[in-house]
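Participant: Provided herewith is a single structure, encoded as structure tokens, for subsequent inquiry.
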Amino acid sequence: AQSVSQHNHHVILSEAASLELGCNYSYGGTVNLFWYVQYPGQHLQLLLKYFSGDPLVKGIKGFEAEFIKSKFSFNLRKPSVQWSDTAEYFCAVNPSGGYNKLIFGAGTRLAVHP
Amino acid sequence: GAVVSQHPSWVICKSGTSVKIECRSLDFQATTMFWYRQFPKQSLMLMATSNEGSKATYEQGVEKDKFLINHASLTLSTLTVTSAHPEDSSFYICSARDAGGGTNEQFFGPGTRLTVL
């Protein structure tokens with residue numbers, strides 16, 4: 001079945017550690033890819049998106065993601081996390097292009113300890 | 001800019017009653033809004049796409065007669081859970097697409113927690 005998979009459900013890191021959250025999808029054809037973040041008690045916010053072009057995408061707050069088409073992956077990275085990065089992170093895929101319906105992964109809950 | 005609000009933020013109702021949830025785009029016009037449902041510790045599942053001035057498009061498995069969607073204006077979509085039952089208890093989140101912004105980005109509301117007793 002077509003789906004979006006996030007491999008890590010819970011991640012615990014110390015400040016300054018590097019972060020990589022995995023995301024794989026099973027949709028064929030053209031896809032648009034997104035990472036959203038949900039800070040405690042807040043609504044979902046867009047971190048970054050990939051439509052086309054350079055597969056290495058830079059987003060807000062020092063986050064980046066790399067689209068690897070051959071691996072159907074769109075992993076999120078940050079070289080040095082901060083306590084304020086504690087949040088839940090969702091990978092999402094738009095199979096049909098544009099900002100139409102989004103299919104979300106299960107989410108990864110990140111806790112950063114000072 | 002690009003703020004989406006939902007009202008109420010939480011609601012408790014008795015089984016068998018109907019509950020209406022509003023989703024508003026505060027500073028932009030949204031021809032398309034989306035309704036999601038999120039169970040505890042699970043991801044967002046798209047329920048339906050709401051198009052201004054036309055019928056909503058429901059995802060497979062979502063009962064359109066139970067989850068009534070109305071998108072009567074470019075800034076307001078409503079979701080009515082009819083004859084609610086405890087299994088309808090969930091977190092309902094809407095998003096709105098800013099078609100006029102050039103990027104068609106979706107902006108999410110803060111969600112509405114529904115508890116059916």
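For the structure tokens, the naming scheme is as follows: chains receive sequential letters (A, B, ...) according to their order of presentation, residues are indexed from 1 within each chain, and ligands are indexed from 1 in presentation order.
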Leaving out B:Gly61 and any residue of its chain fewer than 5 positions from it, which residues lie within 12 Å of it when counting only C-alpha atoms, given as a list in words?
Facilitator: Met45, Leu46, Met47, Ala48, Lys66 and Phe67 of chain B
Participant: Can you tell me, as a list in words, what residues are no more than 8 Å from B:Leu44 when counting only C-alpha atoms, ignoring any on the same chain fewer than 2 positions away?
Facilitator: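 My reading of the contact set: Ile103, Phe104, Gly105 and Ala106 of chain A; Tyr36, Arg37, Gln38, Phe39, Gln42 and Leu46 of chain B.
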Participant: Keeping only C-alpha atoms, write the selected residues as a compact mmCIF listing (two decimals), in the first residue's frame.
Facilitator:
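To be explicit, this is the file written out as result.txt:
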```txt
# COMPACT_ATOMS: atom_id res chain seq x y z
CA ILE A 103 -0.26 12.17 3.27
CA PHE A 104 1.53 12.28 6.60
CA GLY A 105 3.95 9.93 8.27
CA ALA A 106 3.35 8.82 11.84
CA TYR B 36 -7.68 16.01 9.20
CA ARG B 37 -8.19 13.72 12.14
CA GLN B 38 -5.43 12.78 14.55
CA PHE B 39 -5.69 9.95 17.05
CA GLN B 42 -0.76 8.78 15.56
CA LEU B 46 -6.92 13.42 5.76
```
Participant: Within chain A, find each residue whose DSSP state, derived from the backbone, is strand (DSSP E or B), and express the selection as a PyMOL selection string.
Facilitator: chain A and resi 4-5+10-14+19-21+24-25+32-38+45-50+56-58+64-68+73-78+87-94+103-104+108-113
Participant: Counting only C-alpha atoms, give me one row per residue of chain A with an atom at most 8 Å from an atom of chain B, showing the shortest contact pair and its distance in Å to one decimal, sorted by chain then residue number, as JSON lines.
Facilitator:
```
{"residue": "A:Gln42", "atom": "CA", "partner": "B:Pro110", "partner_atom": "CA", "distance": 6.3}
{"residue": "A:His43", "atom": "CA", "partner": "B:Pro110", "partner_atom": "CA", "distance": 4.4}
{"residue": "A:Leu44", "atom": "CA", "partner": "B:Phe108", "partner_atom": "CA", "distance": 5.8}
{"residue": "A:Gln45", "atom": "CA", "partner": "B:Phe108", "partner_atom": "CA", "distance": 7.2}
{"residue": "A:Phe90", "atom": "CA", "partner": "B:Ser43", "partner_atom": "CA", "distance": 7.9}
{"residue": "A:Gly98", "atom": "CA", "partner": "B:Asn104", "partner_atom": "CA", "distance": 7.2}
{"residue": "A:Tyr99", "atom": "CA", "partner": "B:Asn104", "partner_atom": "CA", "distance": 5.6}
{"residue": "A:Lys101", "atom": "CA", "partner": "B:Thr49", "partner_atom": "CA", "distance": 7.5}
{"residue": "A:Leu102", "atom": "CA", "partner": "B:Leu46", "partner_atom": "CA", "distance": 7.4}
{"residue": "A:Ile103", "atom": "CA", "partner": "B:Leu46", "partner_atom": "CA", "distance": 7.2}
{"residue": "A:Phe104", "atom": "CA", "partner": "B:Leu44", "partner_atom": "CA", "distance": 6.1}
{"residue": "A:Gly105", "atom": "CA", "partner": "B:Ser43", "partner_atom": "CA", "distance": 6.1}
{"residue": "A:Ala106", "atom": "CA", "partner": "B:Ser43", "partner_atom": "CA", "distance": 4.3}
{"residue": "A:Gly107", "atom": "CA", "partner": "B:Ser43", "partner_atom": "CA", "distance": 6.1}
```
Participant: Mind dumping the selected residues with all heavy atoms as an mmCIF file, in the first residue's frame?
Facilitator:
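Contents of the output file again-v8.cif:
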```cif
data_model
loop_
_atom_site.group_PDB
_atom_site.id
_atom_site.type_symbol
_atom_site.label_atom_id
_atom_site.label_comp_id
_atom_site.auth_asym_id
_atom_site.auth_seq_id
_atom_site.Cartn_x
_atom_site.Cartn_y
_atom_site.Cartn_z
ATOM 1 N N GLN A 42 1.358 23.893 20.078
ATOM 2 C CA GLN A 42 1.217 24.775 18.922
ATOM 3 C C GLN A 42 0.738 23.995 17.700
ATOM 4 O O GLN A 42 0.668 22.775 17.698
ATOM 5 C CB GLN A 42 2.538 25.470 18.614
ATOM 6 C CG GLN A 42 3.024 26.391 19.728
ATOM 7 C CD GLN A 42 4.225 27.213 19.304
ATOM 8 O OE1 GLN A 42 4.424 27.499 18.126
ATOM 9 N NE2 GLN A 42 5.034 27.599 20.279
ATOM 10 N N HIS A 43 0.404 24.741 16.657
ATOM 11 C CA HIS A 43 -0.069 24.102 15.439
ATOM 12 C C HIS A 43 1.106 23.701 14.545
ATOM 13 O O HIS A 43 2.249 24.083 14.790
ATOM 14 C CB HIS A 43 -1.002 25.049 14.681
ATOM 15 C CG HIS A 43 -0.354 26.363 14.354
ATOM 16 N ND1 HIS A 43 -0.294 27.422 15.224
ATOM 17 C CD2 HIS A 43 0.286 26.780 13.237
ATOM 18 C CE1 HIS A 43 0.322 28.431 14.662
ATOM 19 N NE2 HIS A 43 0.685 28.070 13.462
ATOM 20 N N LEU A 44 0.815 22.925 13.551
ATOM 21 C CA LEU A 44 1.829 22.482 12.593
ATOM 22 C C LEU A 44 2.401 23.662 11.822
ATOM 23 O O LEU A 44 1.674 24.540 11.369
ATOM 24 C CB LEU A 44 1.208 21.514 11.586
ATOM 25 C CG LEU A 44 1.015 20.072 12.033
ATOM 26 C CD1 LEU A 44 0.077 19.363 11.073
ATOM 27 C CD2 LEU A 44 2.333 19.352 12.099
ATOM 28 N N GLN A 45 3.733 23.634 11.651
ATOM 29 C CA GLN A 45 4.391 24.683 10.866
ATOM 30 C C GLN A 45 5.281 24.017 9.830
ATOM 31 O O GLN A 45 5.895 22.986 10.097
ATOM 32 C CB GLN A 45 5.262 25.564 11.766
ATOM 33 C CG GLN A 45 4.525 26.276 12.866
ATOM 34 C CD GLN A 45 5.481 26.993 13.795
ATOM 35 O OE1 GLN A 45 6.433 27.647 13.366
ATOM 36 N NE2 GLN A 45 5.245 26.885 15.086
ATOM 37 N N PHE A 90 6.860 15.825 11.425
ATOM 38 C CA PHE A 90 6.064 15.026 10.500
ATOM 39 C C PHE A 90 6.586 15.185 9.073
ATOM 40 O O PHE A 90 6.756 16.301 8.599
ATOM 41 C CB PHE A 90 4.596 15.454 10.522
ATOM 42 C CG PHE A 90 3.888 15.181 11.814
ATOM 43 C CD1 PHE A 90 3.807 16.166 12.795
ATOM 44 C CD2 PHE A 90 3.297 13.951 12.054
ATOM 45 C CE1 PHE A 90 3.144 15.922 13.987
ATOM 46 C CE2 PHE A 90 2.631 13.708 13.245
ATOM 47 C CZ PHE A 90 2.556 14.689 14.217
ATOM 48 N N GLY A 98 1.941 19.946 -6.264
ATOM 49 C CA GLY A 98 1.320 21.140 -5.719
ATOM 50 C C GLY A 98 1.021 21.005 -4.244
ATOM 51 O O GLY A 98 1.553 20.140 -3.562
ATOM 52 N N TYR A 99 0.178 21.828 -3.737
ATOM 53 C CA TYR A 99 -0.143 21.803 -2.320
ATOM 54 C C TYR A 99 -1.511 21.177 -2.100
ATOM 55 O O TYR A 99 -2.250 21.597 -1.249
ATOM 56 C CB TYR A 99 -0.119 23.206 -1.743
ATOM 57 C CG TYR A 99 1.250 23.625 -1.268
ATOM 58 C CD1 TYR A 99 2.045 24.445 -2.039
ATOM 59 C CD2 TYR A 99 1.725 23.205 -0.044
ATOM 60 C CE1 TYR A 99 3.283 24.845 -1.604
ATOM 61 C CE2 TYR A 99 2.971 23.614 0.409
ATOM 62 C CZ TYR A 99 3.739 24.423 -0.375
ATOM 63 O OH TYR A 99 4.952 24.824 0.072
ATOM 64 N N LYS A 101 -3.708 17.418 -1.531
ATOM 65 C CA LYS A 101 -3.784 16.633 -0.311
ATOM 66 C C LYS A 101 -2.424 16.084 0.108
ATOM 67 O O LYS A 101 -1.598 15.705 -0.713
ATOM 68 C CB LYS A 101 -4.798 15.512 -0.438
ATOM 69 C CG LYS A 101 -4.431 14.382 -1.362
ATOM 70 C CD LYS A 101 -5.579 13.377 -1.339
ATOM 71 C CE LYS A 101 -5.219 12.105 -2.048
ATOM 72 N NZ LYS A 101 -6.344 11.149 -2.042
ATOM 73 N N LEU A 102 -2.209 16.105 1.399
ATOM 74 C CA LEU A 102 -0.973 15.650 1.996
ATOM 75 C C LEU A 102 -1.200 14.338 2.726
ATOM 76 O O LEU A 102 -2.176 14.175 3.442
ATOM 77 C CB LEU A 102 -0.452 16.694 2.996
ATOM 78 C CG LEU A 102 -0.033 18.044 2.417
ATOM 79 C CD1 LEU A 102 0.313 19.014 3.537
ATOM 80 C CD2 LEU A 102 1.139 17.880 1.482
ATOM 81 N N ILE A 103 -0.250 13.426 2.547
ATOM 82 C CA ILE A 103 -0.260 12.170 3.273
ATOM 83 C C ILE A 103 0.878 12.237 4.276
ATOM 84 O O ILE A 103 2.044 12.409 3.892
ATOM 85 C CB ILE A 103 -0.062 10.971 2.327
ATOM 86 C CG1 ILE A 103 -1.045 11.049 1.155
ATOM 87 C CG2 ILE A 103 -0.214 9.668 3.104
ATOM 88 C CD1 ILE A 103 -2.506 11.058 1.550
ATOM 89 N N PHE A 104 0.548 12.096 5.543
ATOM 90 C CA PHE A 104 1.527 12.278 6.604
ATOM 91 C C PHE A 104 2.106 10.956 7.094
ATOM 92 O O PHE A 104 1.439 9.921 7.112
ATOM 93 C CB PHE A 104 0.874 12.988 7.799
ATOM 94 C CG PHE A 104 0.694 14.471 7.602
ATOM 95 C CD1 PHE A 104 -0.407 14.967 6.925
ATOM 96 C CD2 PHE A 104 1.632 15.359 8.089
ATOM 97 C CE1 PHE A 104 -0.575 16.329 6.738
ATOM 98 C CE2 PHE A 104 1.475 16.722 7.909
ATOM 99 C CZ PHE A 104 0.368 17.204 7.234
ATOM 100 N N GLY A 105 3.356 11.029 7.522
ATOM 101 C CA GLY A 105 3.947 9.929 8.266
ATOM 102 C C GLY A 105 3.456 9.960 9.701
ATOM 103 O O GLY A 105 2.741 10.882 10.109
ATOM 104 N N ALA A 106 3.847 8.975 10.470
ATOM 105 C CA ALA A 106 3.349 8.820 11.841
ATOM 106 C C ALA A 106 3.925 9.850 12.801
ATOM 107 O O ALA A 106 3.414 10.032 13.899
ATOM 108 C CB ALA A 106 3.638 7.421 12.345
ATOM 109 N N GLY A 107 5.004 10.511 12.404
ATOM 110 C CA GLY A 107 5.606 11.519 13.256
ATOM 111 C C GLY A 107 6.746 10.959 14.088
ATOM 112 O O GLY A 107 6.781 9.768 14.411
#
```
Participant: Nearest to A:Arg77 among A:Ala111, A:Leu21, A:Leu46, A:Val31, with distances taken over only C-alpha atoms: which residue is it?
Facilitator: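 The answer is A:Leu21, which sits nearest to A:Arg77.
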Participant: Compare A:Leu13, A:Val93, A:Leu76, A:Val37 by their minimum atom-to-atom distance to A:Leu56, counting only C-alpha atoms, and give me the closest one.
Facilitator: A:Leu76
Participant: Please extract the residues of chain B with a backbone DSSP assignment of helix (DSSP H, G or I) and present them as a list in words.
Facilitator: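 Those residues are Pro86, Glu87, Asp88, Ala99, Gly100 and Gly101 of chain B.
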Participant: Could you save the residues just selected, with all heavy atoms, as a tab-separated table (two decimals), in the first residue's frame?
Facilitator:
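Just written: out-v1.tsv:
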```tsv
chain	number	residue	atom	x	y	z
B	86	PRO	N	-18.77	7.97	21.05
B	86	PRO	CA	-17.44	8.00	21.69
B	86	PRO	C	-16.29	7.71	20.74
B	86	PRO	O	-15.20	8.27	20.89
B	86	PRO	CB	-17.57	6.93	22.77
B	86	PRO	CG	-19.01	6.98	23.16
B	86	PRO	CD	-19.75	7.23	21.87
B	87	GLU	N	-16.51	6.87	19.74
B	87	GLU	CA	-15.43	6.56	18.80
B	87	GLU	C	-15.08	7.74	17.89
B	87	GLU	O	-14.06	7.69	17.18
B	87	GLU	CB	-15.78	5.33	17.94
B	87	GLU	CG	-17.05	5.48	17.13
B	87	GLU	CD	-18.26	4.88	17.84
B	87	GLU	OE1	-18.27	4.86	19.10
B	87	GLU	OE2	-19.18	4.44	17.13
B	88	ASP	N	-15.91	8.78	17.91
B	88	ASP	CA	-15.60	10.00	17.15
B	88	ASP	C	-14.68	10.92	17.93
B	88	ASP	O	-14.21	11.95	17.39
B	88	ASP	CB	-16.88	10.75	16.78
B	88	ASP	CG	-17.80	9.93	15.89
B	88	ASP	OD1	-17.28	9.18	15.03
B	88	ASP	OD2	-19.02	10.02	16.06
B	99	ALA	N	-4.31	30.24	-1.94
B	99	ALA	CA	-4.19	30.18	-3.39
B	99	ALA	C	-3.68	31.49	-3.97
B	99	ALA	O	-3.11	31.52	-5.05
B	99	ALA	CB	-5.54	29.83	-4.01
B	100	GLY	N	-3.84	32.55	-3.22
B	100	GLY	CA	-3.41	33.85	-3.73
B	100	GLY	C	-1.99	34.19	-3.40
B	100	GLY	O	-1.44	35.21	-3.84
B	101	GLY	N	-1.34	33.32	-2.64
B	101	GLY	CA	-0.01	33.64	-2.18
B	101	GLY	C	1.09	33.23	-3.14
B	101	GLY	O	2.25	33.50	-2.90
```
Participant: Just how far from atom CA of A:Val4 is atom CA of B:Ser77, in Å to one decimal?
Facilitator: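 Separation between atom CA of B:Ser77 and atom CA of A:Val4: 27.4 Å.
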Participant: Fewer than 6 positions away in the same chain doesn't count, so skip those; otherwise give me all residues within 12 Å of stretch 63-70 of chain A, counting only C-alpha atoms, as a ChimeraX atom specification.
Facilitator: /A:18-37,46-57,76-82,85,89,91,93
Participant: For a test of reading the model, state the distance in Å between atom CA of B:Trp10 and atom CA of B:Ser54, rounded to one decimal.
Facilitator: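 Atom CA of B:Ser54 lies 27.7 Å from atom CA of B:Trp10.
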Participant: Would you please work out which residue, of B:Ala56, B:Leu114, B:Ile69, B:Ala96, is nearest to B:Lys14 when using only C-alpha atoms?
Facilitator: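 With only C-alpha atoms as the atom set, the closest residue is B:Leu114.
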